[in-house]
Each structure stands twice: as structure tokens, then as C-alpha cells.
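What follows is a set of notes on a single structure, which appears directly below.
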Amino acid sequence: MAETEYKKYKDPRQRLGVRIKDLMTRMTLAEKIGQMTQIERSVASTEVTKKYMIGSVPAQKASTKAWIDMANGFQKGSLSTRLGIPMIHGIDAVHGHNNAYKATIFPQNVGMGATRSVEIQGEEGATRVTVKTPRLSRR
């Protein structure tokens, strides 16, 4: 049985800086470009995320189950690459969790001002709305 190579970047016991340096020295130019790329959802697939080592795909409007299945498929492609770097599945939570069917759409500046609520308009309120709404859609 072949012995697997130790990879510092995959070791959570290592300091973050050590993990980043190890990963960056292992990455090819193509892998670095892929990781900095967010492709349009309409051209994304498990095969594309694997072949081009894509770093991010934005969310789309879908039911929660369809959205999770889609993200898991893309992640499967990303994790099967040479370095196994997870993909980031982007959402635009700052403007409201508008990519999940029936989720809250809350345009940050206009929407918070329209509430006429000092609590929501404050930094803590904005953070709470931005963080809590996407979490609720997981249920």
C-alpha cells in the first residue's frame, strides 16, 4: 500500500500562514488562476469546476434542496482536483438572500432605511440581518 504524502496545507494543526505558504508553493499557475475565478452559473458543472479548478460559482434562484444539490455537485468536482481545494459557493447576502426561492430580499441601504429602525440600521442590526437570513434558509 502506497504511503500518502503529508500536506501541511491540509493539516488544521498548522498555523494558517504555514498552510497558505505550503498550498501556494504546490499550486500551478493554472490552479491559481482557476481559484481566483468565479464563473457564471449557466456554464458551471461538476466537470467544469474540476477541469478548470474553479474557485467560486454564484448561487442561483432555486428551492433550498435544488440549491444544496447543485452546490454539492460543484463541490464534488472541486474536491476531486489534484489539490482538493473546496469551491466557494457565493451568495449575495449583503443585499438580501435573493438567490433562494422565497427567501428574504433585503436591499441593504434602501431596505434598512425603509425600516425606520435605528436598531436594524446600526452595525449590529445590519450584521444580524446579513448573517441570519442565509442561515435560516438551511432549515
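Following the order of the C-alpha cells, chains are lettered A, B, ..., residues in each are numbered from 1, and ligands are numbered from 1.
Around A:Arg41, within 9 Å and counting only C-alpha atoms, the residues found are Val57, Pro58, Ala59 and Gln60 of chain A, once anything fewer than 6 positions away on its own chain is removed.
Interatomic distance, atom CA of A:Thr49 against atom CA of A:Phe74: 6.2 Å.
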### Task
Mind checking which residues fall within 12 Å of A:Arg26, counting only C-alpha atoms, ignoring those fewer than 4 positions away in the same chain, and posting them as number ranges by chain?
A: 7-9, 19-22, 30-32, 82-85
### Message
For the structure I just gave you, how does DSSP split stretch 16-73 of chain A - specifically, which residues are alpha helix (DSSP H)? Reply as a ChimeraX atom specification.
### Response
/A:16-26,29-35,46-51,64-73
Could you write those residues out with C-alpha atoms, as a short mmCIF file (atom, residue, chain, number, x, y, z; two decimals), in the first residue's frame?
```cif
data_model
loop_
_atom_site.label_atom_id
_atom_site.label_comp_id
_atom_site.auth_asym_id
_atom_site.auth_seq_id
_atom_site.Cartn_x
_atom_site.Cartn_y
_atom_site.Cartn_z
CA LEU A 16 -2.68 29.50 8.84
CA GLY A 17 0.38 31.20 7.33
CA VAL A 18 2.22 27.87 7.12
CA ARG A 19 -0.76 26.22 5.44
CA ILE A 20 -1.13 29.04 2.91
CA LYS A 21 2.57 29.05 2.02
CA ASP A 22 2.57 25.27 1.55
CA LEU A 23 -0.51 25.38 -0.67
CA MET A 24 0.74 28.28 -2.78
CA THR A 25 4.07 26.54 -3.47
CA ARG A 26 2.19 23.44 -4.66
CA LEU A 29 -0.30 28.94 -12.45
CA ALA A 30 -3.45 27.36 -13.95
CA GLU A 31 -4.64 26.32 -10.47
CA LYS A 32 -4.04 29.83 -9.10
CA ILE A 33 -5.97 31.38 -11.98
CA GLY A 34 -8.81 28.88 -11.51
CA GLN A 35 -9.03 29.62 -7.80
CA THR A 46 -19.10 19.28 -11.86
CA GLU A 47 -16.85 18.62 -14.86
CA VAL A 48 -16.06 22.32 -15.43
CA THR A 49 -15.23 23.02 -11.77
CA LYS A 50 -12.86 20.04 -11.83
CA LYS A 51 -11.24 20.69 -15.23
CA THR A 64 -33.27 25.04 -0.96
CA LYS A 65 -32.94 21.36 -1.89
CA ALA A 66 -32.07 22.12 -5.54
CA TRP A 67 -29.55 24.72 -4.38
CA ILE A 68 -27.86 22.29 -1.97
CA ASP A 69 -27.77 19.53 -4.60
CA MET A 70 -26.24 21.94 -7.12
CA ALA A 71 -23.60 23.20 -4.68
CA ASN A 72 -22.72 19.64 -3.62
CA GLY A 73 -22.24 18.66 -7.27
#
```
### Summary
Expressed in Å, the length from atom CA of A:Thr37 to atom CA of A:Ser78 is 12.7 Å
